[in-house]
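Trainee: Input file: data.tsv. Contents: TSV, C-alpha atoms.
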chain	number	residue	atom	x	y	z
K	1437	MET	CA	14.71	-9.36	-14.45
K	1438	ALA	CA	13.12	-8.31	-17.77
K	1439	THR	CA	10.14	-6.01	-17.41
K	1440	LEU	CA	7.77	-8.39	-19.20
K	1441	GLU	CA	8.80	-11.23	-16.90
K	1442	ALA	CA	8.21	-8.98	-13.88
K	1443	ASP	CA	4.77	-8.08	-15.21
K	1444	GLU	CA	3.91	-11.75	-15.65
K	1445	MET	CA	5.04	-12.70	-12.15
K	1446	VAL	CA	3.04	-9.89	-10.54
K	1447	LEU	CA	-0.11	-10.78	-12.47
K	1448	LYS	CA	0.13	-14.45	-11.52
K	1449	LYS	CA	0.55	-13.57	-7.82
K	1450	SER	CA	-2.29	-11.05	-7.79
K	1451	SER	CA	-5.10	-12.04	-5.42
K	1452	LEU	CA	-7.39	-9.84	-7.48
K	1453	PHE	CA	-6.98	-11.98	-10.60
K	1454	SER	CA	-7.00	-15.29	-8.74
K	1455	ALA	CA	-10.80	-15.12	-8.91
K	1456	LEU	CA	-10.74	-15.18	-12.74
K	1457	SER	CA	-10.71	-18.22	-14.99
K	1458	LYS	CA	-7.83	-18.60	-17.45
K	1459	GLU	CA	-9.97	-17.28	-20.30
K	1460	GLN	CA	-11.19	-14.31	-18.25
K	1461	PHE	CA	-7.65	-13.52	-17.15
K	1462	GLU	CA	-6.39	-13.51	-20.73
K	1463	GLU	CA	-9.25	-11.23	-21.77
K	1464	VAL	CA	-8.37	-8.70	-19.07
K	1465	ARG	CA	-4.66	-8.91	-19.82
K	1466	ARG	CA	-5.22	-8.12	-23.50
K	1467	GLY	CA	-6.63	-4.75	-22.45
K	1468	MET	CA	-3.73	-4.03	-20.08
K	1469	ARG	CA	-1.72	-0.84	-20.47
K	1470	VAL	CA	1.77	-0.20	-19.05
K	1471	ILE	CA	2.45	3.18	-17.43
K	1472	GLN	CA	5.97	4.35	-16.55
K	1473	LEU	CA	6.20	7.05	-13.87
K	1474	GLN	CA	9.14	9.10	-12.67
K	1475	SER	CA	9.54	9.99	-8.99
K	1476	GLY	CA	6.98	12.65	-8.08
K	1477	GLU	CA	4.90	12.11	-11.22
K	1478	ASN	CA	1.11	12.03	-10.86
K	1479	LEU	CA	-0.96	8.98	-11.86
K	1480	PHE	CA	-4.40	10.40	-11.10
K	1481	ASP	CA	-5.95	13.21	-9.07
K	1482	MET	CA	-8.70	13.06	-6.47
K	1483	GLY	CA	-12.10	13.58	-8.04
K	1484	THR	CA	-11.13	12.65	-11.59
K	1485	PRO	CA	-13.14	9.96	-13.47
K	1486	ALA	CA	-12.09	6.46	-12.37
K	1487	ASP	CA	-11.83	4.48	-15.61
K	1488	HIS	CA	-9.01	2.15	-14.55
K	1489	PHE	CA	-7.67	0.13	-11.64
K	1490	TYR	CA	-3.98	-0.63	-11.23
K	1491	ILE	CA	-1.32	-3.09	-10.12
K	1492	LEU	CA	2.15	-1.88	-9.17
K	1493	VAL	CA	5.07	-3.88	-10.60
K	1494	LEU	CA	8.06	-1.76	-9.53
K	1495	GLY	CA	8.53	1.33	-7.36
K	1496	GLN	CA	6.17	2.93	-4.84
K	1497	ILE	CA	2.92	4.85	-5.12
K	1498	LYS	CA	1.43	7.07	-2.43
K	1499	LEU	CA	-2.35	7.43	-2.17
K	1500	PHE	CA	-3.23	10.69	-0.49
K	1501	ARG	CA	-5.73	13.46	0.11
K	1502	LEU	CA	-5.24	17.20	0.33
K	1503	SER	CA	-7.11	19.15	3.01
K	1504	SER	CA	-8.72	22.52	2.31
K	1505	ASN	CA	-5.54	24.24	3.57
K	1506	GLY	CA	-3.31	22.13	1.31
K	1507	THR	CA	-2.05	19.72	3.96
K	1508	GLU	CA	-1.22	16.30	2.53
K	1509	LYS	CA	-2.45	13.16	4.30
K	1510	ILE	CA	-1.03	9.90	3.00
K	1511	VAL	CA	-3.63	7.16	3.31
K	1512	GLU	CA	-1.61	4.27	1.91
K	1513	ILE	CA	1.78	3.46	0.41
K	1514	VAL	CA	1.40	0.96	-2.42
K	1515	ARG	CA	4.27	-1.48	-2.89
K	1516	PRO	CA	5.09	-3.91	-5.73
K	1517	SER	CA	2.52	-6.65	-6.45
K	1518	GLU	CA	-0.27	-4.67	-4.75
K	1519	SER	CA	-3.41	-3.54	-6.57
K	1520	PHE	CA	-5.15	-0.23	-5.93
K	1521	ALA	CA	-8.19	1.83	-6.99
K	1522	THR	CA	-10.13	-1.42	-7.39
K	1523	ALA	CA	-13.16	-0.67	-5.20
K	1524	VAL	CA	-13.98	2.49	-7.15
K	1525	MET	CA	-15.36	0.48	-10.06
K	1526	PHE	CA	-18.23	-0.66	-7.81
K	1527	MET	CA	-19.12	2.83	-6.60
K	1528	GLU	CA	-22.15	4.66	-7.95
K	1529	VAL	CA	-20.09	7.77	-8.65
K	1530	LYS	CA	-16.91	6.49	-10.27
K	1531	ARG	CA	-14.38	9.12	-9.29
K	1532	TYR	CA	-11.11	8.56	-7.48
K	1533	PRO	CA	-11.49	9.43	-3.77
K	1534	LEU	CA	-7.71	9.84	-3.46
K	1535	ALA	CA	-4.82	11.12	-5.56
K	1536	ALA	CA	-1.87	8.93	-6.57
K	1537	ASP	CA	1.75	10.03	-7.08
K	1538	ALA	CA	4.92	7.99	-7.59
K	1539	LEU	CA	7.32	8.07	-4.65
K	1540	LYS	CA	9.96	6.36	-6.79
K	1541	LYS	CA	10.41	5.53	-10.43
K	1542	SER	CA	7.50	3.14	-10.95
K	1543	ARG	CA	6.03	0.69	-13.43
K	1544	VAL	CA	2.25	0.41	-13.21
K	1545	LEU	CA	-0.18	-1.87	-15.02
K	1546	ALA	CA	-3.55	-0.24	-15.82
K	1547	PHE	CA	-6.75	-2.24	-16.45
K	1548	ASP	CA	-10.06	-1.06	-17.85
K	1549	ASN	CA	-12.84	-1.05	-15.24
K	1550	LYS	CA	-15.61	-1.57	-17.78
K	1551	GLN	CA	-13.96	-4.67	-19.20
K	1552	LEU	CA	-13.70	-6.35	-15.80
K	1553	LEU	CA	-17.24	-5.32	-14.83
K	1554	ASP	CA	-18.58	-6.91	-18.03
K	1555	ILE	CA	-16.84	-10.17	-17.09
K	1556	LEU	CA	-18.31	-10.06	-13.57
K	1557	ARG	CA	-21.83	-9.43	-14.92
K	1558	GLN	CA	-21.51	-12.53	-17.08
K	1559	SER	CA	-20.29	-14.72	-14.20
K	1560	PRO	CA	-21.88	-14.36	-10.74
K	1561	GLU	CA	-19.49	-17.07	-9.46
K	1562	THR	CA	-16.46	-15.00	-10.45
K	1563	CYS	CA	-18.08	-11.94	-8.94
K	1564	PHE	CA	-18.52	-13.65	-5.56
K	1565	ARG	CA	-14.92	-14.89	-5.57
K	1566	MET	CA	-13.66	-11.37	-6.24
K	1567	MET	CA	-15.90	-9.96	-3.51
K	1568	ALA	CA	-14.36	-12.44	-1.06
K	1569	ASN	CA	-10.87	-11.27	-2.03
K	1570	MET	CA	-11.88	-7.63	-1.60
K	1571	SER	CA	-13.49	-8.30	1.78
K	1572	ARG	CA	-10.18	-9.68	3.07
K	1573	ARG	CA	-8.48	-6.47	2.02
K	1574	LEU	CA	-11.23	-4.47	3.73
K	1575	ARG	CA	-10.61	-6.32	7.00
K	1576	TRP	CA	-6.91	-5.45	6.74
K	1577	GLN	CA	-7.78	-1.78	6.17
K	1578	LEU	CA	-10.09	-1.76	9.19
K	1579	THR	CA	-7.23	-3.13	11.29
K	1580	GLU	CA	-5.05	-0.29	10.02
K	1581	ILE	CA	-7.75	2.25	10.96
K	1582	ASP	CA	-7.92	0.80	14.47
K	1583	LYS	CA	-4.15	1.21	14.85
K	1584	LEU	CA	-4.31	4.83	13.74
K	1585	SER	CA	-7.30	5.77	15.86
K	1586	LEU	CA	-6.72	3.80	19.07
K	1587	GLN	CA	-2.97	4.14	19.59
K	1588	THR	CA	-0.91	7.17	20.60
K	1589	ALA	CA	1.64	8.58	18.15
K	1590	PRO	CA	4.55	6.74	19.87
K	1591	GLY	CA	2.44	3.59	19.95
K	1592	ARG	CA	1.76	3.80	16.21
K	1593	LEU	CA	5.43	4.28	15.41
K	1594	VAL	CA	6.58	1.39	17.63
K	1595	ALA	CA	3.84	-0.85	16.19
K	1596	PHE	CA	5.09	0.02	12.70
K	1597	LEU	CA	8.67	-0.87	13.68
K	1598	LEU	CA	7.60	-4.18	15.23
K	1599	ASP	CA	5.49	-5.03	12.17
K	1600	HIS	CA	8.43	-4.46	9.81
K	1601	VAL	CA	11.44	-5.60	11.85
K	1602	LYS	CA	13.67	-8.36	10.47
K	1603	PRO	CA	15.60	-10.36	13.09
K	1604	ILE	CA	19.40	-10.33	12.87
K	1605	GLY	CA	21.35	-13.44	13.83
K	1606	ASN	CA	19.95	-16.56	15.44
K	1607	ALA	CA	19.39	-15.84	19.13
K	1608	SER	CA	20.59	-12.28	19.72
K	1609	GLY	CA	17.08	-10.84	19.83
K	1610	ALA	CA	18.21	-7.93	17.67
K	1611	GLY	CA	16.65	-6.75	14.43
K	1612	GLN	CA	16.46	-3.89	11.98
K	1613	VAL	CA	13.90	-2.02	9.92
K	1614	ASN	CA	14.88	-0.71	6.50
K	1615	LEU	CA	12.73	2.34	5.81
K	1616	ASP	CA	11.84	2.14	2.12
K	1617	SER	CA	10.16	5.58	2.13
K	1618	PRO	CA	11.28	9.00	3.38
K	1619	LYS	CA	10.59	9.58	7.08
K	1620	ARG	CA	8.19	12.46	6.28
K	1621	VAL	CA	6.14	10.06	4.12
K	1622	LEU	CA	5.99	7.43	6.86
K	1623	ALA	CA	5.05	10.12	9.38
K	1624	SER	CA	2.10	11.17	7.23
K	1625	ARG	CA	1.05	7.54	6.75
K	1626	LEU	CA	1.05	7.08	10.55
K	1627	SER	CA	-0.79	10.39	11.11
K	1628	ILE	CA	2.20	11.86	12.93
K	1629	GLN	CA	3.68	15.30	12.38
K	1630	PRO	CA	7.26	15.05	10.99
K	1631	GLU	CA	8.74	16.90	13.97
K	1632	THR	CA	6.85	14.59	16.37
K	1633	PHE	CA	8.09	11.59	14.40
K	1634	SER	CA	11.68	12.78	14.89
K	1635	ARG	CA	11.15	13.43	18.61
K	1636	ILE	CA	9.80	9.92	19.17
K	1637	LEU	CA	12.81	8.40	17.40
K	1638	LYS	CA	15.15	10.48	19.55
K	1639	LYS	CA	13.33	9.46	22.74
K	1640	LEU	CA	13.50	5.78	21.84
K	1641	SER	CA	17.17	6.21	20.98
K	1642	SER	CA	17.88	7.87	24.34
K	1643	LYS	CA	16.45	4.79	26.06
K	1644	ASP	CA	18.69	2.53	23.92
K	1645	LEU	CA	15.62	0.86	22.44
K	1646	ILE	CA	16.61	1.77	18.86
K	1647	GLN	CA	19.55	3.17	16.91
K	1648	VAL	CA	18.84	5.39	13.90
K	1649	LYS	CA	21.33	5.05	11.06
K	1650	GLY	CA	19.92	7.01	8.14
K	1651	GLN	CA	17.11	4.96	6.66
K	1652	VAL	CA	17.91	1.94	8.84
K	1653	ILE	CA	16.44	1.55	12.34
K	1654	CYS	CA	18.46	-0.93	14.42
K	1655	ILE	CA	16.66	-2.57	17.34
K	1656	PRO	CA	19.14	-4.10	19.85
K	1657	ASN	CA	16.39	-6.07	21.61
K	1658	ILE	CA	13.06	-6.62	19.87
K	1659	GLN	CA	11.43	-8.06	22.98
K	1660	ALA	CA	12.46	-5.04	25.05
K	1661	LEU	CA	10.89	-2.67	22.51
K	1662	ALA	CA	7.68	-4.73	22.48
K	1663	LEU	CA	7.58	-4.75	26.30
K	1664	HIS	CA	8.09	-0.99	26.31
K	1665	ALA	CA	5.08	-0.62	24.04
K	1666	GLU	CA	2.92	-2.88	26.23
K	1667	GLU	CA	3.79	-0.87	29.32
K	1668	GLY	CA	2.69	2.32	27.61
K	1669	ILE	CA	5.02	4.73	25.93
Turn this file's structure into structure tokens for me.

Mentor:
Amino acid sequence: MATLEADEMVLKKSSLFSALSKEQFEEVRRGMRVIQLQSGENLFDMGTPADHFYILVLGQIKLFRLSSNGTEKIVEIVRPSESFATAVMFMEVKRYPLAADALKKSRVLAFDNKQLLDILRQSPETCFRMMANMSRRLRWQLTEIDKLSLQTAPGRLVAFLLDHVKPIGNASGAGQVNLDSPKRVLASRLSIQPETFSRILKKLSSKDLIQVKGQVICIPNIQALALHAEEGI
């Protein structure tokens, strides 16, 4: 698919822009800038002025923080069609609270915060619609926080697998998860140490609940894995 066509499809599907009228949408799009990133390339650093928000068209972006001792904590993995750094435009101090690096070769659309804020100031109705869209995303993030804080490390990993499993066949009960990010990245996202992540996979494998084949996790019986999680891992 041509890059311009991909850009257009992502913009039309964006829940962020669904709150805008056709005229407002065209105004924002005219100020759009395309950013191409190579794997490992930085988009913005934590604490730098937040002048733009973004929508990812292709690739993957990790949003992360660095602790005082240099340990990286991945807060979110952004996938195509998702927007990010949107809430910062409404903060009193407009600086990015996280850093953003490309996990893969990525195509990102950048939008000027000031331009969108001017549109919202002129239209309270549009502003309320956008706030409703953002509140839905906030509820999703709160659910994610609950998963990270209330579940054990094995529980978080199994919940991740069950959330992303795709059934295989009609009635076999089997499925598989294609890991689209390195295991160390997923471990950080789930607040699990990489070595602990590997141990949990090995333990689940020893119980024949999963089979690890590189970046593919095969689940012979999805219901058995879910029951194992309910019984406490």

Trainee: Residues at most 6 Å from segment 1496-1511 of chain K, counting only C-alpha atoms, excluding those fewer than 5 positions away in the same chain, as an MDAnalysis selection string?

Mentor: chainID K and resid 1534:1540 1624:1625

Trainee: Go ahead and compute the interatomic distance for atom CA of Asp1481 of chain K and atom CA of Ser1519 of chain K, in Å to one decimal.

Mentor: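 These two atoms are separated by 17.1 Å.
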
Trainee: Enter the distance from atom CA of Lys1619 of chain K to atom CA of Ile1491 of chain K, in Å, rounded to one decimal.

Mentor: 24.5 Å

Trainee: Have a look at atom CA of Asn1478 of chain K and atom CA of Asp1443 of chain K and let me know their distance in Å, one decimal.

Mentor: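 Answer for the atom CA of Asn1478 of chain K to atom CA of Asp1443 of chain K separation: 20.9 Å.
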
Trainee: Let me make sure I understand: among K:Met1445, K:Val1601, K:Met1482, K:Leu1553, which one has the smallest atom-to-atom distance to Val1652 of chain K if we use all atoms listed in the file?

Mentor: K:Val1601

Trainee: List as a list in words the protein and nucleic acid residues near Ile1653 of chain K, meaning an atom at most 6 Å away when all atoms listed in the file are counted, but skip any in the same chain fewer than 4 places from it.

Mentor: Gln1612, Val1613, Gln1647 and Val1648 of chain K

Trainee: Would you mind telling me which residue in K:Ile1555, K:Leu1479, K:Leu1452, K:Met1570 lies nearest to Ser1517 of chain K when using all atoms listed in the file?

Mentor: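 Smallest distance to Ser1517 of chain K is found for K:Leu1452.
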
Trainee: Which polymer residues have any atom within 8 Å of an atom of Val1544 of chain K, counting all atoms listed in the file, with same-chain residues fewer than 2 positions away left out, as a short mmCIF file (atom, residue, chain, number, x, y, z; two decimals) with C-alpha atoms, in the frame of the given file?

Mentor:
data_model
loop_
_atom_site.label_atom_id
_atom_site.label_comp_id
_atom_site.auth_asym_id
_atom_site.auth_seq_id
_atom_site.Cartn_x
_atom_site.Cartn_y
_atom_site.Cartn_z
CA VAL K 1470 1.77 -0.20 -19.05
CA ILE K 1471 2.45 3.18 -17.43
CA GLN K 1472 5.97 4.35 -16.55
CA LEU K 1473 6.20 7.05 -13.87
CA TYR K 1490 -3.98 -0.63 -11.23
CA ILE K 1491 -1.32 -3.09 -10.12
CA LEU K 1492 2.15 -1.88 -9.17
CA VAL K 1493 5.07 -3.88 -10.60
CA LEU K 1494 8.06 -1.76 -9.53
CA SER K 1542 7.50 3.14 -10.95
CA ALA K 1546 -3.55 -0.24 -15.82
#

Trainee: My list of candidates is K:Leu1645, K:Ser1617, K:Met1525, K:Phe1596. Which is closest to Ile1513 of chain K when distances are computed with all atoms listed in the file?

Mentor: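 Answer, going by the shortest atom-to-atom distance: K:Ser1617.
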
Trainee: Rank K:Pro1656, K:Val1524, K:Gly1650, K:Lys1643 by their smallest atom-to-atom distance to Lys1550 of chain K, using all atoms listed in the file, and report the top residue only.

Mentor: K:Val1524

Trainee: Select, from K:Ser1641, K:Leu1593, K:Arg1557, K:Lys1649, the residue with the minimum atom-to-atom distance to Ala1623 of chain K, counting all atoms listed in the file.

Mentor: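 Smallest distance to Ala1623 of chain K is found for K:Leu1593.
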
Trainee: Name the closest residue to Arg1592 of chain K among the candidates K:Ile1636, K:Ile1604, K:Asp1554, K:Arg1565; distances are taken between atoms, counting all atoms listed in the file.

Mentor: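 The shortest atom-to-atom distance to Arg1592 of chain K comes from K:Ile1636.
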
Trainee: Counting all atoms listed in the file, what is within 10 Å of Leu1456 of chain K, bar same-chain residues fewer than 3 positions away, as an NGL selection string?

Mentor: :K and (1451-1453 or 1459-1464 or 1552 or 1555-1556 or 1559 or 1561-1563 or 1565-1566)
